[in-house]
Amino acid sequence: MYLFARHGSLLRFRSHRRVPRKELDVHFAQHQPPMTVLVPSYAEEPAVVRQTLWSAALQEYPDLTVVLLIDDPPEPDAAEVEARLARTRDIPAEIERALDEPRTRLGDALVVFEMALAEEPQVTEAQVRTLAAHYAWAARWLRRMAACEPRTDHVDEFFADQVIGRLAAGLDMTATALGLAADDQELPDPERMRQLHHRLARTFSARLASFERKQYASLSHEANKAMNLNAYLGLLGGSYRIEDTAGGRLLVPASPDEPADLVVPRADFVLTLDADSLLLPEYCLRLVHLLQSPGNERIAVAQTPYSSFRGAGSRIERLAGATTDIQHLLHQGMTHSGATFWVGANAVIRTAALEDIAERGWEDGVFVQRFVQDRTVIEDTESSIDLGIHGWTLTNYPERLSYSATPPDFGSLVVQRRRWANGGLLILPKLWRQLHHRRRRGESVPVLEILLRVNYMASIAWASVGLIFLLAYPYDSRLLSPLILAAALPYFLTMGADLRACGYRFTDIFRIYGFNLILLPVNLAGVLKSLQQALTGEKIPFARTPKVKDRTAAPWLYAVAPVLIVAFSLLTLWRDVLQQNWGNAAFAAFNAFWGGWAFLAYIGVWNAVVDTALGWRAWFYVDVSRRRRHRDKATQAGPAELDWRLVLDEGTVRYRPLGESSAPALQAAGPVPAAVPGGTTHDTISAGGER
């Protein structure tokens with residue numbers, strides 16, 4: 001499957017034609033479909049969120065709204081968490097204020113040019129030089145911004161040089177070209193001048209806002225990224241009043257003749273962007289142009305599978321980045337075979353396609369709209385299958401236009417890879433359903449597409465089981481056929497060549513082998529979690545990959561398991577040497593060496609000891625601080641009286657402490673404890689009277 005996908009990617013790269021800049025300008029002078037960028041964020045570092053929002057705001061797109069979807073608890077307990085949340089909430093307004101100067105100056109320049117053109121329809125040399133000066137000013141503004149950016153790590157360097165710096169270089173080059181055109185007296189025609197003015201103005205015209213679904217009782221509060229996206233997607237194109245009730249704050253659709261507290265603009269396209277990802281300046285232009293090109297009307301999702309930031313400071317981050325860059329190539333080949341999957345870090349999606357796959361219903365008294373499935377933590381993979389059932393396709397754009405953070409330590413990598421390993425098996429039955437629907441529509445389904453899709457969703461499961469078998473089964477040389485080794489050579493040789501083409505070393509194939517060896521328990525845990533979900537039908541919360549400067553502790557089992565794998569390989573080596581089983585002995589020695597090297601390089605003995613000690617300590621440690629806080633609040637509550645607002649609004653019995661304000665409480669509606677006067681808890685009564 002690797003070789004087939006690689007072959008397809010080479011064919012796509014060979015046939016790819018980069019759309020000229022003028023063609024993009026002409027297209028967006030005639031088409032300006034509104035787009036909303038959604039950046040889901042949960043407990044993220046404000047500096048990480050800020051860079052992501054800036055990379056979205058500086059897209060050269062004509063009608064762009066960027067919304068930060070904050071999913072943190074609205075009223076955190078810890079002061080440190082509250083300060084981080086306040087800082088995160090301020091970022092959209094801060095970027096808006098920073099954009100005011102270029103937005104006003106360049107917008108006014110566009111108006112002045114169009115007024116002059118209305119009076120005299122000929123372009124003058126002075127107008128060309130004035131436009132060149134505006135481009136040069138915008139480039140200087142961006143370079144001043146880049147010079148003020150902190151550069152503490154390789155991600156900061158990338159943001160300053162490749163996001164801000166690349167945009168500044170493009171504007172500067174245009175300024176130089178306009179100046180040379182004026183020198184040669186070959187002036188652009190009026191329409192081209194208008195396009196260039198519009199390009200400059202729209203680069204700084206993005207609108208930014210934030211939204212917190214957990215402030216509203218009328219929206220789902222399920223703990224996963226998919227429902228954070230779904231809550232806002234369900235509001236697109238509507239106007240709403242905020243209504244405070246005893247059951248919580250509600251968003252109620254506003255009628256046309258009444259003022260609205262929240263107006264959510266409609267969007268023809270939605271860009272979902274993880275809070276640790278960065279976009280290059282032309283991302284939106286090129287992908288939307290692709291979606292609006294003739295023949296692409298049924299493409300629902302266009303994306304560039306993300307690449308890793310170069311210059312990582314740790315071995316494990318560099319090697320994890322190598323596997324990410326290889327995946328970029330493989331996803332291009334999957335598109336060649338019609339087997340594209342949505343990779344959730346970034347994607348441009350048609351809202352019409354999301355409407356097609358939407359599921360709507362009531363859950364726990366809340367009206368829920370699911371555009372993106374949340375049954376598993378790989379919501380993008382399942383949604384890809386849903387889109388195929390409804391006749392939509394997906395595509396990968398064959399350029400590197402997006403970059404995402406790679407876990408810098410073993411603990412955060414465990415969180416990410418365990419999430420990736422979970423869910424593929426659960427989605428497989430839906431793939432057969434998609435194939436059935438497509439055949440009923442008369443579509444041909446190539447065998448290679450089926451194989452690539454099954455491999456993408458289930459290979460972690462069978463690779464984990466197969467590797468355990470290879471490590472544990474005491475086979476002898478009679479079972480180790482030379483043909484098996486020969487069959488593996490093309491895979492390792494081509495992967496080594498691909499690594500070198502991506503800027504890594506050919507010998508990294510062996511380091512990646514050791515890397516996968518120590519991740520075997522992590523992948524196996526994700527597979528077992530999928531089987532548990534299949535049996536119980538339960539959902540699991542989305543596990544966010546930590547993005548912090550300090551090291552993230554790994555669960556003790558994952559820190560100890562690599563030591564056990566290396567120890568067992570050494571035991572197998574010793575046993576096979578005694579039995580003169582040289583083939584298996586060589587394999588065991590290979591596993592012991594690269595597994596041991598990976599353990600020392602990517603985890604470290606001291607880190608493993610610390611993580612194990614922390615894990616054992618957790619068995620004996622009970623955090624009573626939260627329980628004590630709740631008990632103290634209850635003790636301080638004092639006597640209670642009937643909360644008449646909740647009775648009239650919800651039909652639910654609840655008492656509040658005497659003297660407390662009768663203003664509506666901002667909490668979710670639902671079953672609540674009922675107390676007799678005096679504060680004694682008596683029972684729990686729901687609106688329907690059930691206990």
# chains A, B, ... in the order shown; residues from 1 in each chain; ligands from 1
>>> residues_around(residues="A:Leu467", least_positions_apart="5", cutoff="9 Å", atoms="only C-alpha atoms", output="list in words")
Trp462, Ala472, Leu517 and Leu520 of chain A
>>> closest_atom_pairs(of="stretch 247-361 of chain A", to="stretch 41-60 of chain A", cutoff="9 Å", atoms="only C-alpha atoms", output="JSON lines")
{"residue": "A:Leu273", "atom": "CA", "partner": "A:Thr52", "partner_atom": "CA", "distance": 8.2}
{"residue": "A:Asp274", "atom": "CA", "partner": "A:Ser41", "partner_atom": "CA", "distance": 7.5}
{"residue": "A:Ala275", "atom": "CA", "partner": "A:Val49", "partner_atom": "CA", "distance": 5.4}
{"residue": "A:Asp276", "atom": "CA", "partner": "A:Val48", "partner_atom": "CA", "distance": 6.0}
{"residue": "A:Ser277", "atom": "CA", "partner": "A:Thr52", "partner_atom": "CA", "distance": 5.9}
{"residue": "A:Leu278", "atom": "CA", "partner": "A:Thr52", "partner_atom": "CA", "distance": 5.3}
{"residue": "A:Leu279", "atom": "CA", "partner": "A:Ser55", "partner_atom": "CA", "distance": 5.5}
{"residue": "A:Leu280", "atom": "CA", "partner": "A:Ser55", "partner_atom": "CA", "distance": 6.9}
{"residue": "A:Pro281", "atom": "CA", "partner": "A:Gln59", "partner_atom": "CA", "distance": 4.9}
{"residue": "A:Glu282", "atom": "CA", "partner": "A:Gln59", "partner_atom": "CA", "distance": 6.3}
{"residue": "A:Tyr283", "atom": "CA", "partner": "A:Gln59", "partner_atom": "CA", "distance": 7.1}
{"residue": "A:Cys284", "atom": "CA", "partner": "A:Gln59", "partner_atom": "CA", "distance": 6.5}
{"residue": "A:Leu285", "atom": "CA", "partner": "A:Glu60", "partner_atom": "CA", "distance": 6.7}
>>> write_last_selection(atoms="N, CA, C and O atoms", output="PDB file, in the first residue's frame")
ATOM      1  N   LEU A 273      -9.350  24.725  11.496  1.00  0.00           N
ATOM      2  CA  LEU A 273      -7.909  24.879  11.701  1.00  0.00           C
ATOM      3  C   LEU A 273      -7.582  24.617  13.158  1.00  0.00           C
ATOM      4  O   LEU A 273      -8.093  25.307  14.052  1.00  0.00           O
ATOM      5  N   ASP A 274      -6.741  23.621  13.406  1.00  0.00           N
ATOM      6  CA  ASP A 274      -6.328  23.335  14.771  1.00  0.00           C
ATOM      7  C   ASP A 274      -5.537  24.504  15.345  1.00  0.00           C
ATOM      8  O   ASP A 274      -4.839  25.227  14.613  1.00  0.00           O
ATOM      9  N   ALA A 275      -5.618  24.655  16.661  1.00  0.00           N
ATOM     10  CA  ALA A 275      -5.013  25.812  17.314  1.00  0.00           C
ATOM     11  C   ALA A 275      -3.493  25.751  17.373  1.00  0.00           C
ATOM     12  O   ALA A 275      -2.861  26.698  17.845  1.00  0.00           O
ATOM     13  N   ASP A 276      -2.890  24.652  16.901  1.00  0.00           N
ATOM     14  CA  ASP A 276      -1.423  24.580  16.871  1.00  0.00           C
ATOM     15  C   ASP A 276      -0.909  24.485  15.441  1.00  0.00           C
ATOM     16  O   ASP A 276       0.214  24.037  15.212  1.00  0.00           O
ATOM     17  N   SER A 277      -1.729  24.913  14.470  1.00  0.00           N
ATOM     18  CA  SER A 277      -1.356  24.832  13.061  1.00  0.00           C
ATOM     19  C   SER A 277      -1.172  26.229  12.484  1.00  0.00           C
ATOM     20  O   SER A 277      -1.787  27.193  12.951  1.00  0.00           O
ATOM     21  N   LEU A 278      -0.352  26.317  11.439  1.00  0.00           N
ATOM     22  CA  LEU A 278      -0.098  27.576  10.756  1.00  0.00           C
ATOM     23  C   LEU A 278      -0.324  27.393   9.259  1.00  0.00           C
ATOM     24  O   LEU A 278       0.008  26.343   8.696  1.00  0.00           O
ATOM     25  N   LEU A 279      -0.896  28.422   8.625  1.00  0.00           N
ATOM     26  CA  LEU A 279      -1.161  28.409   7.192  1.00  0.00           C
ATOM     27  C   LEU A 279      -0.230  29.383   6.490  1.00  0.00           C
ATOM     28  O   LEU A 279       0.039  30.469   7.003  1.00  0.00           O
ATOM     29  N   LEU A 280       0.232  29.006   5.318  1.00  0.00           N
ATOM     30  CA  LEU A 280       0.955  29.952   4.480  1.00  0.00           C
ATOM     31  C   LEU A 280      -0.044  30.898   3.826  1.00  0.00           C
ATOM     32  O   LEU A 280      -1.227  30.565   3.676  1.00  0.00           O
ATOM     33  N   PRO A 281       0.395  32.083   3.403  1.00  0.00           N
ATOM     34  CA  PRO A 281      -0.554  33.147   3.025  1.00  0.00           C
ATOM     35  C   PRO A 281      -1.541  32.809   1.917  1.00  0.00           C
ATOM     36  O   PRO A 281      -2.645  33.348   1.891  1.00  0.00           O
ATOM     37  N   GLU A 282      -1.210  31.947   0.957  1.00  0.00           N
ATOM     38  CA  GLU A 282      -2.093  31.694  -0.181  1.00  0.00           C
ATOM     39  C   GLU A 282      -2.970  30.465   0.003  1.00  0.00           C
ATOM     40  O   GLU A 282      -3.621  30.019  -0.944  1.00  0.00           O
ATOM     41  N   TYR A 283      -3.015  29.903   1.193  1.00  0.00           N
ATOM     42  CA  TYR A 283      -3.761  28.668   1.438  1.00  0.00           C
ATOM     43  C   TYR A 283      -5.218  28.799   0.997  1.00  0.00           C
ATOM     44  O   TYR A 283      -5.725  27.995   0.200  1.00  0.00           O
ATOM     45  N   CYS A 284      -5.920  29.780   1.520  1.00  0.00           N
ATOM     46  CA  CYS A 284      -7.354  29.912   1.229  1.00  0.00           C
ATOM     47  C   CYS A 284      -7.598  30.208  -0.251  1.00  0.00           C
ATOM     48  O   CYS A 284      -8.524  29.642  -0.857  1.00  0.00           O
ATOM     49  N   LEU A 285      -6.801  31.080  -0.826  1.00  0.00           N
ATOM     50  CA  LEU A 285      -6.992  31.438  -2.232  1.00  0.00           C
ATOM     51  C   LEU A 285      -6.899  30.209  -3.126  1.00  0.00           C
ATOM     52  O   LEU A 285      -7.765  29.961  -3.976  1.00  0.00           O
TER      53      LEU A 285
END
>>> residues_around(residues="A:Leu110", least_positions_apart="4", cutoff="12 Å", atoms="only C-alpha atoms", output="PDB file with N, CA, C and O atoms, in the first residue's frame")
ATOM      1  N   ARG A 103      -5.650  48.129   7.437  1.00  0.00           N
ATOM      2  CA  ARG A 103      -6.985  48.006   6.853  1.00  0.00           C
ATOM      3  C   ARG A 103      -7.514  49.371   6.412  1.00  0.00           C
ATOM      4  O   ARG A 103      -8.042  49.518   5.300  1.00  0.00           O
ATOM      5  N   THR A 104      -7.354  50.374   7.275  1.00  0.00           N
ATOM      6  CA  THR A 104      -7.857  51.716   6.952  1.00  0.00           C
ATOM      7  C   THR A 104      -7.067  52.342   5.811  1.00  0.00           C
ATOM      8  O   THR A 104      -7.646  52.851   4.846  1.00  0.00           O
ATOM      9  N   ARG A 105      -5.753  52.294   5.901  1.00  0.00           N
ATOM     10  CA  ARG A 105      -4.923  52.935   4.877  1.00  0.00           C
ATOM     11  C   ARG A 105      -5.149  52.312   3.501  1.00  0.00           C
ATOM     12  O   ARG A 105      -5.361  53.020   2.510  1.00  0.00           O
ATOM     13  N   LEU A 106      -5.117  50.986   3.427  1.00  0.00           N
ATOM     14  CA  LEU A 106      -5.195  50.326   2.123  1.00  0.00           C
ATOM     15  C   LEU A 106      -6.622  50.303   1.590  1.00  0.00           C
ATOM     16  O   LEU A 106      -6.836  50.322   0.375  1.00  0.00           O
ATOM     17  N   GLU A 114     -10.517  53.991  -7.201  1.00  0.00           N
ATOM     18  CA  GLU A 114     -11.752  53.763  -7.954  1.00  0.00           C
ATOM     19  C   GLU A 114     -12.456  55.079  -8.275  1.00  0.00           C
ATOM     20  O   GLU A 114     -13.064  55.221  -9.347  1.00  0.00           O
ATOM     21  N   MET A 115     -12.379  56.060  -7.365  1.00  0.00           N
ATOM     22  CA  MET A 115     -12.961  57.377  -7.657  1.00  0.00           C
ATOM     23  C   MET A 115     -12.218  58.058  -8.810  1.00  0.00           C
ATOM     24  O   MET A 115     -12.829  58.644  -9.720  1.00  0.00           O
ATOM     25  N   ALA A 116     -10.884  57.955  -8.797  1.00  0.00           N
ATOM     26  CA  ALA A 116     -10.100  58.553  -9.877  1.00  0.00           C
ATOM     27  C   ALA A 116     -10.365  57.852 -11.202  1.00  0.00           C
ATOM     28  O   ALA A 116     -10.442  58.489 -12.263  1.00  0.00           O
ATOM     29  N   LEU A 117     -10.548  56.538 -11.144  1.00  0.00           N
ATOM     30  CA  LEU A 117     -10.802  55.776 -12.362  1.00  0.00           C
ATOM     31  C   LEU A 117     -12.171  56.105 -12.941  1.00  0.00           C
ATOM     32  O   LEU A 117     -12.364  56.061 -14.163  1.00  0.00           O
ATOM     33  N   GLN A 127      -0.340  56.802 -10.654  1.00  0.00           N
ATOM     34  CA  GLN A 127      -1.175  55.822  -9.957  1.00  0.00           C
ATOM     35  C   GLN A 127      -0.425  54.503  -9.757  1.00  0.00           C
ATOM     36  O   GLN A 127      -0.551  53.860  -8.712  1.00  0.00           O
ATOM     37  N   THR A 130       2.075  55.066  -7.029  1.00  0.00           N
ATOM     38  CA  THR A 130       1.382  55.154  -5.741  1.00  0.00           C
ATOM     39  C   THR A 130       1.015  53.762  -5.231  1.00  0.00           C
ATOM     40  O   THR A 130       1.189  53.454  -4.038  1.00  0.00           O
ATOM     41  N   LEU A 131       0.522  52.907  -6.133  1.00  0.00           N
ATOM     42  CA  LEU A 131       0.191  51.538  -5.731  1.00  0.00           C
ATOM     43  C   LEU A 131       1.445  50.789  -5.288  1.00  0.00           C
ATOM     44  O   LEU A 131       1.421  50.039  -4.292  1.00  0.00           O
ATOM     45  N   HIS A 134       2.197  51.724  -1.824  1.00  0.00           N
ATOM     46  CA  HIS A 134       1.314  51.062  -0.856  1.00  0.00           C
ATOM     47  C   HIS A 134       1.778  49.624  -0.598  1.00  0.00           C
ATOM     48  O   HIS A 134       1.783  49.158   0.557  1.00  0.00           O
ATOM     49  N   MET A 193      -5.131  46.913 -12.422  1.00  0.00           N
ATOM     50  CA  MET A 193      -4.845  47.798 -11.302  1.00  0.00           C
ATOM     51  C   MET A 193      -5.882  47.642 -10.197  1.00  0.00           C
ATOM     52  O   MET A 193      -5.554  47.622  -9.007  1.00  0.00           O
ATOM     53  N   ARG A 194      -7.144  47.506 -10.590  1.00  0.00           N
ATOM     54  CA  ARG A 194      -8.196  47.312  -9.593  1.00  0.00           C
ATOM     55  C   ARG A 194      -7.979  45.994  -8.842  1.00  0.00           C
ATOM     56  O   ARG A 194      -8.144  45.917  -7.622  1.00  0.00           O
ATOM     57  N   GLN A 195      -7.615  44.950  -9.574  1.00  0.00           N
ATOM     58  CA  GLN A 195      -7.367  43.657  -8.928  1.00  0.00           C
ATOM     59  C   GLN A 195      -6.214  43.750  -7.935  1.00  0.00           C
ATOM     60  O   GLN A 195      -6.291  43.189  -6.826  1.00  0.00           O
ATOM     61  N   LEU A 196      -5.162  44.451  -8.302  1.00  0.00           N
ATOM     62  CA  LEU A 196      -4.015  44.578  -7.404  1.00  0.00           C
ATOM     63  C   LEU A 196      -4.365  45.399  -6.165  1.00  0.00           C
ATOM     64  O   LEU A 196      -3.900  45.099  -5.054  1.00  0.00           O
ATOM     65  N   HIS A 197      -5.189  46.430  -6.330  1.00  0.00           N
ATOM     66  CA  HIS A 197      -5.650  47.195  -5.169  1.00  0.00           C
ATOM     67  C   HIS A 197      -6.506  46.315  -4.250  1.00  0.00           C
ATOM     68  O   HIS A 197      -6.353  46.354  -3.019  1.00  0.00           O
ATOM     69  N   HIS A 198      -7.401  45.535  -4.854  1.00  0.00           N
ATOM     70  CA  HIS A 198      -8.259  44.657  -4.047  1.00  0.00           C
ATOM     71  C   HIS A 198      -7.428  43.617  -3.305  1.00  0.00           C
ATOM     72  O   HIS A 198      -7.712  43.305  -2.137  1.00  0.00           O
ATOM     73  N   ARG A 199      -6.428  43.067  -3.976  1.00  0.00           N
ATOM     74  CA  ARG A 199      -5.580  42.074  -3.312  1.00  0.00           C
ATOM     75  C   ARG A 199      -4.928  42.662  -2.071  1.00  0.00           C
ATOM     76  O   ARG A 199      -4.889  42.036  -1.008  1.00  0.00           O
ATOM     77  N   LEU A 200      -4.416  43.865  -2.182  1.00  0.00           N
ATOM     78  CA  LEU A 200      -3.728  44.493  -1.052  1.00  0.00           C
ATOM     79  C   LEU A 200      -4.707  44.803   0.075  1.00  0.00           C
ATOM     80  O   LEU A 200      -4.400  44.586   1.260  1.00  0.00           O
ATOM     81  N   ALA A 201      -5.884  45.284  -0.266  1.00  0.00           N
ATOM     82  CA  ALA A 201      -6.860  45.647   0.769  1.00  0.00           C
ATOM     83  C   ALA A 201      -7.389  44.411   1.495  1.00  0.00           C
ATOM     84  O   ALA A 201      -7.547  44.414   2.724  1.00  0.00           O
ATOM     85  N   ARG A 202      -7.667  43.348   0.745  1.00  0.00           N
ATOM     86  CA  ARG A 202      -8.285  42.178   1.390  1.00  0.00           C
ATOM     87  C   ARG A 202      -7.303  41.412   2.267  1.00  0.00           C
ATOM     88  O   ARG A 202      -7.714  40.646   3.151  1.00  0.00           O
TER      89      ARG A 202
END
>>> residues_around(residues="A:Phe367", least_positions_apart="6", cutoff="9 Å", atoms="only C-alpha atoms", output="number ranges by chain")
A: 218-220, 360-361
>>> residues_around(residues="A:Glu538", least_positions_apart="3", cutoff="12 Å", atoms="only C-alpha atoms", output="count of residues only")
14
>>> closest_residue(among="A:Val128, A:Met495, A:Ala209, A:Ala78", to="A:Gln327", atoms="only C-alpha atoms")
A:Met495
>>> atom_distance(atom1="atom CA of A:Ser337", atom2="atom CA of A:Leu493")
22.6 Å
>>> select_by_dssp(residues="stretch 93-153 of chain A", states="helix (DSSP H, G or I)", output="ChimeraX atom specification")
/A:93-119,125-148
>>> atom_distance(atom1="atom CA of A:Ala181", atom2="atom CA of A:His27")
23.0 Å
>>> residues_around(residues="A:Glu222", least_positions_apart="6", cutoff="12 Å", atoms="only C-alpha atoms", output="VMD selection string")
chain A and resid 71 213 to 214 228 to 231 363 to 364 366 368 370 374 to 375 539 to 542
>>> residues_around(residues="A:Leu435", least_positions_apart="3", cutoff="10 Å", atoms="only C-alpha atoms", output="PDB file with N, CA and C atoms, in the first residue's frame")
ATOM      1  N   ILE A 385     -16.122   9.279   5.404  1.00  0.00           N
ATOM      2  CA  ILE A 385     -16.988   8.193   4.929  1.00  0.00           C
ATOM      3  C   ILE A 385     -18.414   8.700   4.730  1.00  0.00           C
ATOM      4  N   GLY A 388     -18.765  10.484   1.460  1.00  0.00           N
ATOM      5  CA  GLY A 388     -18.817   9.554   0.337  1.00  0.00           C
ATOM      6  C   GLY A 388     -20.174   8.904   0.189  1.00  0.00           C
ATOM      7  N   ILE A 389     -20.854   8.621   1.298  1.00  0.00           N
ATOM      8  CA  ILE A 389     -22.195   8.036   1.239  1.00  0.00           C
ATOM      9  C   ILE A 389     -23.148   8.974   0.514  1.00  0.00           C
ATOM     10  N   LYS A 430     -19.010   1.302   8.413  1.00  0.00           N
ATOM     11  CA  LYS A 430     -19.597   2.396   7.650  1.00  0.00           C
ATOM     12  C   LYS A 430     -18.977   2.487   6.255  1.00  0.00           C
ATOM     13  N   LEU A 431     -17.715   2.053   6.110  1.00  0.00           N
ATOM     14  CA  LEU A 431     -17.094   2.023   4.784  1.00  0.00           C
ATOM     15  C   LEU A 431     -17.835   1.064   3.870  1.00  0.00           C
ATOM     16  N   TRP A 432     -18.213  -0.109   4.376  1.00  0.00           N
ATOM     17  CA  TRP A 432     -18.971  -1.056   3.534  1.00  0.00           C
ATOM     18  C   TRP A 432     -20.309  -0.448   3.140  1.00  0.00           C
ATOM     19  N   ARG A 438     -22.585   3.663  -3.159  1.00  0.00           N
ATOM     20  CA  ARG A 438     -21.955   4.092  -4.407  1.00  0.00           C
ATOM     21  C   ARG A 438     -22.259   3.114  -5.537  1.00  0.00           C
ATOM     22  N   ARG A 439     -22.269   1.839  -5.238  1.00  0.00           N
ATOM     23  CA  ARG A 439     -22.595   0.864  -6.286  1.00  0.00           C
ATOM     24  C   ARG A 439     -24.051   1.003  -6.721  1.00  0.00           C
ATOM     25  N   ARG A 440     -24.921   1.325  -5.764  1.00  0.00           N
ATOM     26  CA  ARG A 440     -26.330   1.533  -6.131  1.00  0.00           C
ATOM     27  C   ARG A 440     -26.486   2.743  -7.040  1.00  0.00           C
ATOM     28  N   ARG A 441     -25.616   3.756  -6.901  1.00  0.00           N
ATOM     29  CA  ARG A 441     -25.665   4.918  -7.785  1.00  0.00           C
ATOM     30  C   ARG A 441     -24.992   4.662  -9.122  1.00  0.00           C
ATOM     31  N   GLU A 443     -21.730   3.901  -9.523  1.00  0.00           N
ATOM     32  CA  GLU A 443     -20.330   4.295  -9.529  1.00  0.00           C
ATOM     33  C   GLU A 443     -19.440   3.052  -9.501  1.00  0.00           C
ATOM     34  N   SER A 444     -18.335   3.132 -10.192  1.00  0.00           N
ATOM     35  CA  SER A 444     -17.349   2.053 -10.115  1.00  0.00           C
ATOM     36  C   SER A 444     -16.423   2.326  -8.931  1.00  0.00           C
ATOM     37  N   VAL A 445     -16.150   1.307  -8.162  1.00  0.00           N
ATOM     38  CA  VAL A 445     -15.295   1.447  -6.981  1.00  0.00           C
ATOM     39  C   VAL A 445     -14.032   0.622  -7.221  1.00  0.00           C
ATOM     40  N   ILE A 450     -10.397   0.683  -2.282  1.00  0.00           N
ATOM     41  CA  ILE A 450     -10.864  -0.066  -1.104  1.00  0.00           C
ATOM     42  C   ILE A 450      -9.681  -0.497  -0.243  1.00  0.00           C
TER      43      ILE A 450
END
>>> closest_residue(among="A:Thr395, A:Pro256, A:Arg478, A:Arg144", to="A:Trp582", atoms="only C-alpha atoms")
A:Arg478
>>> atom_distance(atom1="atom CA of A:Ala589", atom2="atom CA of A:Ser569")
6.9 Å
>>> closest_residue(among="A:Ala226, A:Met173, A:Arg241, A:Ile316", to="A:Phe371", atoms="only C-alpha atoms")
A:Ala226
